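structure.json, holding JSON, C-alpha atoms:
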```json
[["chain", "number", "residue", "atom", "x", "y", "z"],
["A", 1, "MET", "CA", 0.00, 0.00, 0.00],
["A", 2, "THR", "CA", 1.41, 3.40, -0.96],
["A", 3, "PRO", "CA", 1.54, 6.29, 1.55],
["A", 4, "LEU", "CA", -1.26, 7.98, -0.39],
["A", 5, "ALA", "CA", -3.45, 4.86, -0.35],
["A", 6, "ARG", "CA", -2.72, 4.44, 3.37],
["A", 7, "SER", "CA", -3.82, 8.04, 4.00],
["A", 8, "VAL", "CA", -6.98, 7.52, 1.96],
["A", 9, "ALA", "CA", -7.85, 4.40, 3.95],
["A", 10, "ASP", "CA", -7.35, 6.21, 7.26],
["A", 11, "PHE", "CA", -9.22, 9.26, 5.98],
["A", 12, "VAL", "CA", -12.25, 7.13, 5.02],
["A", 13, "ALA", "CA", -12.07, 5.27, 8.36],
["A", 14, "ALA", "CA", -12.13, 8.62, 10.16],
["A", 15, "TRP", "CA", -15.48, 9.47, 8.58],
["A", 16, "ASN", "CA", -16.84, 6.08, 9.61],
["A", 17, "THR", "CA", -16.13, 6.01, 13.33],
["A", 18, "ALA", "CA", -18.32, 7.41, 16.07],
["A", 19, "ASP", "CA", -15.35, 7.26, 18.47],
["A", 20, "GLU", "CA", -13.95, 10.74, 18.95],
["A", 21, "ALA", "CA", -10.43, 9.70, 19.98],
["A", 22, "ARG", "CA", -10.16, 7.26, 17.10],
["A", 23, "ARG", "CA", -11.44, 9.85, 14.62],
["A", 24, "ARG", "CA", -8.81, 12.30, 15.82],
["A", 25, "ALA", "CA", -5.99, 9.78, 15.60],
["A", 26, "LEU", "CA", -7.02, 8.71, 12.09],
["A", 27, "LEU", "CA", -7.17, 12.31, 10.86],
["A", 28, "GLU", "CA", -3.83, 13.13, 12.48],
["A", 29, "ALA", "CA", -2.33, 10.23, 10.58],
["A", 30, "SER", "CA", -3.97, 10.98, 7.25],
["A", 31, "PHE", "CA", -4.86, 14.65, 6.84],
["A", 32, "ALA", "CA", -2.53, 17.68, 6.92],
["A", 33, "ALA", "CA", -3.08, 20.12, 9.81],
["A", 34, "ASP", "CA", -3.67, 22.89, 7.26],
["A", 35, "GLY", "CA", -5.28, 20.68, 4.61],
["A", 36, "THR", "CA", -8.36, 21.70, 2.67],
["A", 37, "TYR", "CA", -11.50, 19.67, 2.05],
["A", 38, "VAL", "CA", -14.05, 20.85, -0.50],
["A", 39, "ASP", "CA", -17.19, 19.20, -1.82],
["A", 40, "PRO", "CA", -20.44, 20.60, -3.24],
["A", 41, "ALA", "CA", -21.80, 20.99, 0.31],
["A", 42, "VAL", "CA", -18.85, 22.30, 2.35],
["A", 43, "ARG", "CA", -15.50, 24.07, 2.09],
["A", 44, "LEU", "CA", -13.24, 23.34, 5.07],
["A", 45, "VAL", "CA", -9.77, 24.57, 5.92],
["A", 46, "GLY", "CA", -7.71, 22.71, 8.51],
["A", 47, "ARG", "CA", -7.85, 19.34, 10.20],
["A", 48, "ALA", "CA", -9.88, 20.68, 13.13],
["A", 49, "ALA", "CA", -12.65, 21.88, 10.82],
["A", 50, "LEU", "CA", -12.69, 18.53, 9.04],
["A", 51, "GLU", "CA", -12.83, 16.68, 12.34],
["A", 52, "ALA", "CA", -15.86, 18.72, 13.43],
["A", 53, "HIS", "CA", -17.52, 18.05, 10.08],
["A", 54, "CYS", "CA", -16.97, 14.29, 10.35],
["A", 55, "ALA", "CA", -18.36, 14.33, 13.91],
["A", 56, "ARG", "CA", -21.44, 16.23, 12.72],
["A", 57, "LEU", "CA", -22.10, 13.79, 9.90],
["A", 58, "ALA", "CA", -21.55, 10.76, 12.13],
["A", 59, "ALA", "CA", -24.20, 12.16, 14.47],
["A", 60, "GLU", "CA", -26.58, 13.05, 11.64],
["A", 61, "ARG", "CA", -26.50, 9.69, 9.89],
["A", 62, "PRO", "CA", -25.84, 7.01, 12.50],
["A", 63, "GLY", "CA", -24.98, 3.63, 11.05],
["A", 64, "ALA", "CA", -24.08, 5.01, 7.63],
["A", 65, "VAL", "CA", -20.62, 4.17, 6.32],
["A", 66, "ILE", "CA", -18.51, 5.41, 3.44],
["A", 67, "VAL", "CA", -17.25, 2.54, 1.32],
["A", 68, "ALA", "CA", -14.48, 3.10, -1.23],
["A", 69, "THR", "CA", -15.74, 1.49, -4.45],
["A", 70, "SER", "CA", -12.38, 1.67, -6.20],
["A", 71, "ALA", "CA", -8.72, 1.46, -5.42],
["A", 72, "VAL", "CA", -6.88, 4.80, -5.63],
["A", 73, "ASP", "CA", -5.77, 5.66, -9.15],
["A", 74, "GLU", "CA", -2.52, 7.36, -8.24],
["A", 75, "HIS", "CA", 0.31, 9.21, -9.94],
["A", 76, "GLY", "CA", 2.77, 11.86, -8.83],
["A", 77, "GLY", "CA", 1.45, 12.49, -5.33],
["A", 78, "GLY", "CA", -2.16, 12.76, -6.46],
["A", 79, "GLY", "CA", -4.97, 10.33, -6.96],
["A", 80, "CYS", "CA", -8.68, 9.72, -7.03],
["A", 81, "PHE", "CA", -11.13, 7.06, -5.96],
["A", 82, "THR", "CA", -14.87, 6.48, -6.08],
["A", 83, "TRP", "CA", -17.02, 5.88, -3.04],
["A", 84, "ARG", "CA", -20.54, 5.49, -1.82],
["A", 85, "VAL", "CA", -22.30, 6.17, 1.46],
["A", 86, "VAL", "CA", -24.30, 3.14, 2.52],
["A", 87, "GLY", "CA", -27.09, 3.49, 5.06],
["A", 88, "PRO", "CA", -27.72, 0.98, 7.86],
["A", 89, "ASP", "CA", -30.38, -0.68, 5.67],
["A", 90, "GLY", "CA", -27.92, -1.12, 2.81],
["A", 91, "THR", "CA", -29.28, 1.62, 0.57],
["A", 92, "THR", "CA", -26.88, 4.02, -1.15],
["A", 93, "LEU", "CA", -27.37, 7.46, 0.35],
["A", 94, "ARG", "CA", -24.80, 9.21, -1.84],
["A", 95, "GLU", "CA", -21.95, 8.37, -4.19],
["A", 96, "GLY", "CA", -19.09, 10.28, -5.67],
["A", 97, "LEU", "CA", -15.44, 10.77, -6.52],
["A", 98, "ASP", "CA", -12.72, 12.18, -4.27],
["A", 99, "VAL", "CA", -9.61, 13.73, -5.79],
["A", 100, "VAL", "CA", -6.67, 14.02, -3.42],
["A", 101, "ALA", "CA", -3.15, 15.38, -3.25],
["A", 102, "THR", "CA", -0.57, 14.69, -0.56],
["A", 103, "ASP", "CA", 2.00, 16.83, 1.20],
["A", 104, "ALA", "CA", 5.62, 15.82, 1.75],
["A", 105, "THR", "CA", 4.62, 13.60, 4.70],
["A", 106, "GLY", "CA", 2.11, 11.62, 2.62],
["A", 107, "ARG", "CA", -0.86, 13.20, 4.40],
["A", 108, "LEU", "CA", -3.77, 14.52, 2.36],
["A", 109, "ALA", "CA", -3.24, 18.23, 1.80],
["A", 110, "ARG", "CA", -6.14, 18.76, -0.57],
["A", 111, "VAL", "CA", -9.32, 16.78, -1.08],
["A", 112, "VAL", "CA", -11.97, 17.75, -3.62],
["A", 113, "GLY", "CA", -15.14, 15.71, -3.69],
["A", 114, "PHE", "CA", -17.67, 15.43, -6.49],
["A", 115, "PHE", "CA", -21.12, 13.93, -5.96],
["A", 116, "GLY", "CA", -22.96, 11.58, -8.30],
["A", 117, "ASP", "CA", -22.44, 8.44, -10.32],
["A", 118, "TYR", "CA", -18.70, 8.59, -10.99],
["A", 119, "ARG", "CA", -16.73, 5.63, -12.20],
["A", 120, "SER", "CA", -13.03, 5.14, -12.55],
["A", 121, "PRO", "CA", -11.33, 2.28, -14.39],
["A", 122, "LEU", "CA", -10.77, 0.80, -10.92],
["A", 123, "THR", "CA", -14.38, 1.03, -9.73],
["A", 124, "GLN", "CA", -15.88, -2.29, -8.73],
["A", 125, "ARG", "CA", -19.65, -2.62, -8.95],
["B", 1, "MET", "CA", -21.02, 29.34, -19.69],
["B", 2, "THR", "CA", -19.08, 29.86, -16.45],
["B", 3, "PRO", "CA", -15.52, 31.29, -16.48],
["B", 4, "LEU", "CA", -14.23, 27.82, -15.57],
["B", 5, "ALA", "CA", -16.16, 26.13, -18.38],
["B", 6, "ARG", "CA", -14.95, 28.84, -20.79],
["B", 7, "SER", "CA", -11.34, 28.17, -19.71],
["B", 8, "VAL", "CA", -11.81, 24.42, -20.14],
["B", 9, "ALA", "CA", -13.20, 24.93, -23.66],
["B", 10, "ASP", "CA", -10.25, 27.14, -24.64],
["B", 11, "PHE", "CA", -7.79, 24.76, -22.95],
["B", 12, "VAL", "CA", -9.12, 21.80, -24.95],
["B", 13, "ALA", "CA", -9.11, 23.86, -28.15],
["B", 14, "ALA", "CA", -5.46, 24.73, -27.53],
["B", 15, "TRP", "CA", -4.53, 21.04, -27.59],
["B", 16, "ASN", "CA", -6.45, 20.60, -30.82],
["B", 17, "THR", "CA", -4.95, 23.28, -33.03],
["B", 18, "ALA", "CA", -1.83, 22.96, -35.15],
["B", 19, "ASP", "CA", -1.69, 26.77, -35.44],
["B", 20, "GLU", "CA", 1.02, 28.08, -33.14],
["B", 21, "ALA", "CA", -0.39, 31.61, -32.75],
["B", 22, "ARG", "CA", -3.86, 30.31, -32.05],
["B", 23, "ARG", "CA", -2.54, 27.77, -29.51],
["B", 24, "ARG", "CA", -0.69, 30.54, -27.70],
["B", 25, "ALA", "CA", -3.73, 32.82, -27.61],
["B", 26, "LEU", "CA", -5.97, 30.04, -26.33],
["B", 27, "LEU", "CA", -3.55, 29.11, -23.56],
["B", 28, "GLU", "CA", -3.07, 32.77, -22.60],
["B", 29, "ALA", "CA", -6.83, 33.03, -22.22],
["B", 30, "SER", "CA", -7.32, 29.78, -20.34],
["B", 31, "PHE", "CA", -4.20, 28.70, -18.43],
["B", 32, "ALA", "CA", -2.35, 30.58, -15.67],
["B", 33, "ALA", "CA", 1.21, 31.67, -16.50],
["B", 34, "ASP", "CA", 2.45, 29.67, -13.51],
["B", 35, "GLY", "CA", -0.16, 26.93, -13.75],
["B", 36, "THR", "CA", 0.67, 23.26, -13.32],
["B", 37, "TYR", "CA", -0.37, 20.38, -15.54],
["B", 38, "VAL", "CA", 0.13, 16.79, -14.39],
["B", 39, "ASP", "CA", -0.95, 13.51, -15.93],
["B", 40, "PRO", "CA", 0.48, 9.99, -15.74],
["B", 41, "ALA", "CA", 2.90, 10.84, -18.57],
["B", 42, "VAL", "CA", 4.10, 14.38, -17.79],
["B", 43, "ARG", "CA", 4.45, 16.94, -15.03],
["B", 44, "LEU", "CA", 4.62, 20.50, -16.36],
["B", 45, "VAL", "CA", 5.01, 23.81, -14.58],
["B", 46, "GLY", "CA", 4.09, 27.02, -16.39],
["B", 47, "ARG", "CA", 2.16, 27.97, -19.49],
["B", 48, "ALA", "CA", 5.25, 27.89, -21.69],
["B", 49, "ALA", "CA", 5.97, 24.26, -20.79],
["B", 50, "LEU", "CA", 2.36, 23.32, -21.49],
["B", 51, "GLU", "CA", 2.45, 25.14, -24.82],
["B", 52, "ALA", "CA", 5.55, 23.18, -25.86],
["B", 53, "HIS", "CA", 3.88, 19.93, -24.76],
["B", 54, "CYS", "CA", 0.73, 20.65, -26.79],
["B", 55, "ALA", "CA", 2.86, 21.49, -29.84],
["B", 56, "ARG", "CA", 4.79, 18.23, -29.45],
["B", 57, "LEU", "CA", 1.60, 16.16, -29.21],
["B", 58, "ALA", "CA", 0.00, 17.95, -32.16],
["B", 59, "ALA", "CA", 3.07, 17.04, -34.23],
["B", 60, "GLU", "CA", 3.14, 13.45, -32.93],
["B", 61, "ARG", "CA", -0.50, 12.61, -33.60],
["B", 62, "PRO", "CA", -1.65, 14.73, -36.55],
["B", 63, "GLY", "CA", -5.39, 14.74, -37.07],
["B", 64, "ALA", "CA", -6.16, 13.51, -33.56],
["B", 65, "VAL", "CA", -8.49, 15.67, -31.48],
["B", 66, "ILE", "CA", -9.47, 15.76, -27.83],
["B", 67, "VAL", "CA", -13.22, 15.71, -27.39],
["B", 68, "ALA", "CA", -14.80, 16.55, -24.05],
["B", 69, "THR", "CA", -17.30, 13.77, -23.38],
["B", 70, "SER", "CA", -18.98, 15.55, -20.49],
["B", 71, "ALA", "CA", -19.86, 19.03, -19.37],
["B", 72, "VAL", "CA", -17.74, 20.33, -16.51],
["B", 73, "ASP", "CA", -19.03, 19.25, -13.10],
["B", 74, "GLU", "CA", -18.15, 22.39, -11.20],
["B", 75, "HIS", "CA", -18.27, 23.72, -7.66],
["B", 76, "GLY", "CA", -16.28, 26.32, -5.75],
["B", 77, "GLY", "CA", -13.67, 27.16, -8.39],
["B", 78, "GLY", "CA", -12.94, 23.53, -9.21],
["B", 79, "GLY", "CA", -14.35, 21.01, -11.58],
["B", 80, "CYS", "CA", -13.80, 17.91, -13.64],
["B", 81, "PHE", "CA", -14.76, 16.56, -17.03],
["B", 82, "THR", "CA", -14.22, 13.42, -19.06],
["B", 83, "TRP", "CA", -12.63, 13.37, -22.50],
["B", 84, "ARG", "CA", -11.32, 11.14, -25.22],
["B", 85, "VAL", "CA", -8.67, 11.51, -27.87],
["B", 86, "VAL", "CA", -10.09, 10.54, -31.24],
["B", 87, "GLY", "CA", -7.77, 9.63, -34.10],
["B", 88, "PRO", "CA", -8.31, 10.75, -37.69],
["B", 89, "ASP", "CA", -9.97, 7.40, -38.41],
["B", 90, "GLY", "CA", -12.44, 7.84, -35.54],
["B", 91, "THR", "CA", -10.83, 5.37, -33.15],
["B", 92, "THR", "CA", -10.37, 6.31, -29.51],
["B", 93, "LEU", "CA", -6.64, 6.63, -28.83],
["B", 94, "ARG", "CA", -7.01, 7.48, -25.14],
["B", 95, "GLU", "CA", -9.66, 8.55, -22.66],
["B", 96, "GLY", "CA", -9.63, 10.05, -19.23],
["B", 97, "LEU", "CA", -10.70, 12.57, -16.64],
["B", 98, "ASP", "CA", -9.26, 16.04, -16.07],
["B", 99, "VAL", "CA", -9.63, 17.70, -12.68],
["B", 100, "VAL", "CA", -9.11, 21.47, -12.72],
["B", 101, "ALA", "CA", -8.94, 24.43, -10.38],
["B", 102, "THR", "CA", -8.98, 28.10, -11.37],
["B", 103, "ASP", "CA", -7.11, 31.14, -10.12],
["B", 104, "ALA", "CA", -8.75, 34.49, -9.32],
["B", 105, "THR", "CA", -8.87, 35.37, -13.03],
["B", 106, "GLY", "CA", -10.77, 32.20, -13.93],
["B", 107, "ARG", "CA", -7.74, 30.69, -15.68],
["B", 108, "LEU", "CA", -6.78, 27.10, -14.95],
["B", 109, "ALA", "CA", -4.12, 27.10, -12.23],
["B", 110, "ARG", "CA", -3.98, 23.36, -11.74],
["B", 111, "VAL", "CA", -4.92, 20.50, -14.02],
["B", 112, "VAL", "CA", -4.55, 16.85, -13.01],
["B", 113, "GLY", "CA", -5.35, 14.25, -15.63],
["B", 114, "PHE", "CA", -6.18, 10.59, -15.11],
["B", 115, "PHE", "CA", -6.15, 8.09, -17.96],
["B", 116, "GLY", "CA", -8.68, 5.33, -18.57],
["B", 117, "ASP", "CA", -12.40, 4.72, -18.71],
["B", 118, "TYR", "CA", -13.68, 7.43, -16.40],
["B", 119, "ARG", "CA", -17.31, 8.47, -16.29],
["B", 120, "SER", "CA", -18.95, 11.37, -14.55],
["B", 121, "PRO", "CA", -22.70, 11.80, -14.10],
["B", 122, "LEU", "CA", -22.45, 14.28, -17.00],
["B", 123, "THR", "CA", -20.62, 11.95, -19.40],
["B", 124, "GLN", "CA", -22.45, 11.36, -22.65],
["B", 125, "ARG", "CA", -21.73, 8.14, -24.48]]
```

As structure tokens, please, write out the structure in this file.
Amino acid sequence: MTPLARSVADFVAAWNTADEARRRALLEASFAADGTYVDPAVRLVGRAALEAHCARLAAERPGAVIVATSAVDEHGGGGCFTWRVVGPDGTTLREGLDVVATDATGRLARVVGFFGDYRSPLTQR
Amino acid sequence: MTPLARSVADFVAAWNTADEARRRALLEASFAADGTYVDPAVRLVGRAALEAHCARLAAERPGAVIVATSAVDEHGGGGCFTWRVVGPDGTTLREGLDVVATDATGRLARVVGFFGDYRSPLTQR
């Protein structure tokens, strides 16, 4: 697993835990302190803002999990992967594509999310 | 058409012309002087480097054109679109996804390309 793929895995896991300490540790490992996260719904600057956002979502949609539906297509410190949010009853609540870039430590410095039915060559359906 | 979509259209047109003056004008209109372009094959910094790359490709694959296969899915100064390179005989030589971000002038400051069978919700097949 590459450093970028490792960061993506920890980043996704951070969104999926309801445990505050675990969420913090996962984001410390995977997301730059001054990183940016942007999707059609939010624009966040800094790990603390992202952590609060993840906590909010975890509270709003209990039992929902983000599942990466592709490996990370990666080159030159950047990559992208597709995902879906699956509700506790198995329905897809949302799907999309995340595009990421790492800093020198391998942490995600920039994440841009797009919503909708995205597919990469690595998407498994 | 948004400033970003306008820049994408001019950016694609720049790759598709064999006319040096027109290529330069299109890139001046659409790509930041210090912009970066990265794909699995090249990593370019600055408009001049991109211009030289486009000229090289135009010479290497005469008659081939890049066709955007989706509108730009855009939010917050960033966006992405799918494309294919069509040879003079109509065959697809390559396809992929470009992810872009603009500067304050609406020019593309960062372009990251991924190769392969990408689809966005806006892709038309």

Residues within 12 Å of A:Gly77, please, as a list in words. Count all atoms listed in the file; anything in the same chain fewer than 4 positions from it doesn't count.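 The neighbour list is Thr2, Pro3, Leu4, Ala5, Ser7, Val72, Asp73, Val99, Val100, Ala101, Thr102, Asp103, Ala104, Thr105, Gly106, Arg107, Leu108, Ala109 and Arg110 of chain A; Val38, Asp39, Pro40, Arg43 and Val112 of chain B.
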
For the selection just defined, write its residues with C-alpha atoms to a file, as a JSON list (two decimals), in the frame of the given file.
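Output below, filename again-v3.json:
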```json
[["chain", "number", "residue", "atom", "x", "y", "z"],
["A", 2, "THR", "CA", 1.41, 3.40, -0.96],
["A", 3, "PRO", "CA", 1.54, 6.29, 1.55],
["A", 4, "LEU", "CA", -1.26, 7.98, -0.39],
["A", 5, "ALA", "CA", -3.45, 4.86, -0.35],
["A", 7, "SER", "CA", -3.82, 8.04, 4.00],
["A", 72, "VAL", "CA", -6.88, 4.80, -5.63],
["A", 73, "ASP", "CA", -5.77, 5.66, -9.15],
["A", 99, "VAL", "CA", -9.61, 13.73, -5.79],
["A", 100, "VAL", "CA", -6.67, 14.02, -3.42],
["A", 101, "ALA", "CA", -3.15, 15.38, -3.25],
["A", 102, "THR", "CA", -0.57, 14.69, -0.56],
["A", 103, "ASP", "CA", 2.00, 16.83, 1.20],
["A", 104, "ALA", "CA", 5.62, 15.82, 1.75],
["A", 105, "THR", "CA", 4.62, 13.60, 4.70],
["A", 106, "GLY", "CA", 2.11, 11.62, 2.62],
["A", 107, "ARG", "CA", -0.86, 13.20, 4.40],
["A", 108, "LEU", "CA", -3.77, 14.52, 2.36],
["A", 109, "ALA", "CA", -3.24, 18.23, 1.80],
["A", 110, "ARG", "CA", -6.14, 18.76, -0.57],
["B", 38, "VAL", "CA", 0.13, 16.79, -14.39],
["B", 39, "ASP", "CA", -0.95, 13.51, -15.93],
["B", 40, "PRO", "CA", 0.48, 9.99, -15.74],
["B", 43, "ARG", "CA", 4.45, 16.94, -15.03],
["B", 112, "VAL", "CA", -4.55, 16.85, -13.01]]
```

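Here atom CA of B:Arg24 and atom CA of B:Glu51 stand 6.9 Å from one another.
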
Rounded to one decimal, what separation in Å do you get between atom CA of A:Arg23 and atom CA of A:Gly78?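 These two atoms are separated by 23.2 Å.
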
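The interface of chain B with chain A at 6 Å, considering all atoms listed in the file, consists of Pro40, His75, Gly116, Asp117, Tyr118, Arg119, Ser120 and Pro121 of chain B.
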
Let me see the file: selected residues, C-alpha atoms, as an mmCIF file, keeping the file's coordinate frame.
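Output file selection11.cif is given in full below:
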```cif
data_model
loop_
_atom_site.group_PDB
_atom_site.id
_atom_site.type_symbol
_atom_site.label_atom_id
_atom_site.label_comp_id
_atom_site.auth_asym_id
_atom_site.auth_seq_id
_atom_site.Cartn_x
_atom_site.Cartn_y
_atom_site.Cartn_z
ATOM 1 C CA PRO B 40 0.480 9.990 -15.740
ATOM 2 C CA HIS B 75 -18.270 23.720 -7.660
ATOM 3 C CA GLY B 116 -8.680 5.330 -18.570
ATOM 4 C CA ASP B 117 -12.400 4.720 -18.710
ATOM 5 C CA TYR B 118 -13.680 7.430 -16.400
ATOM 6 C CA ARG B 119 -17.310 8.470 -16.290
ATOM 7 C CA SER B 120 -18.950 11.370 -14.550
ATOM 8 C CA PRO B 121 -22.700 11.800 -14.100
#
```

Using all atoms listed in the file, which residue out of B:Ala52, B:Ala32, B:Val67, B:Ala59 lies closest to B:Phe81?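 Checking each of B:Ala52, B:Ala32, B:Val67, B:Ala59 against B:Phe81, counting all atoms listed in the file, the winner is B:Val67.
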
At what distance in Å, to one decimal, does atom CA of B:His53 lie from atom CA of B:Val65?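 Atom CA of B:Val65 sits 14.7 Å away from atom CA of B:His53.
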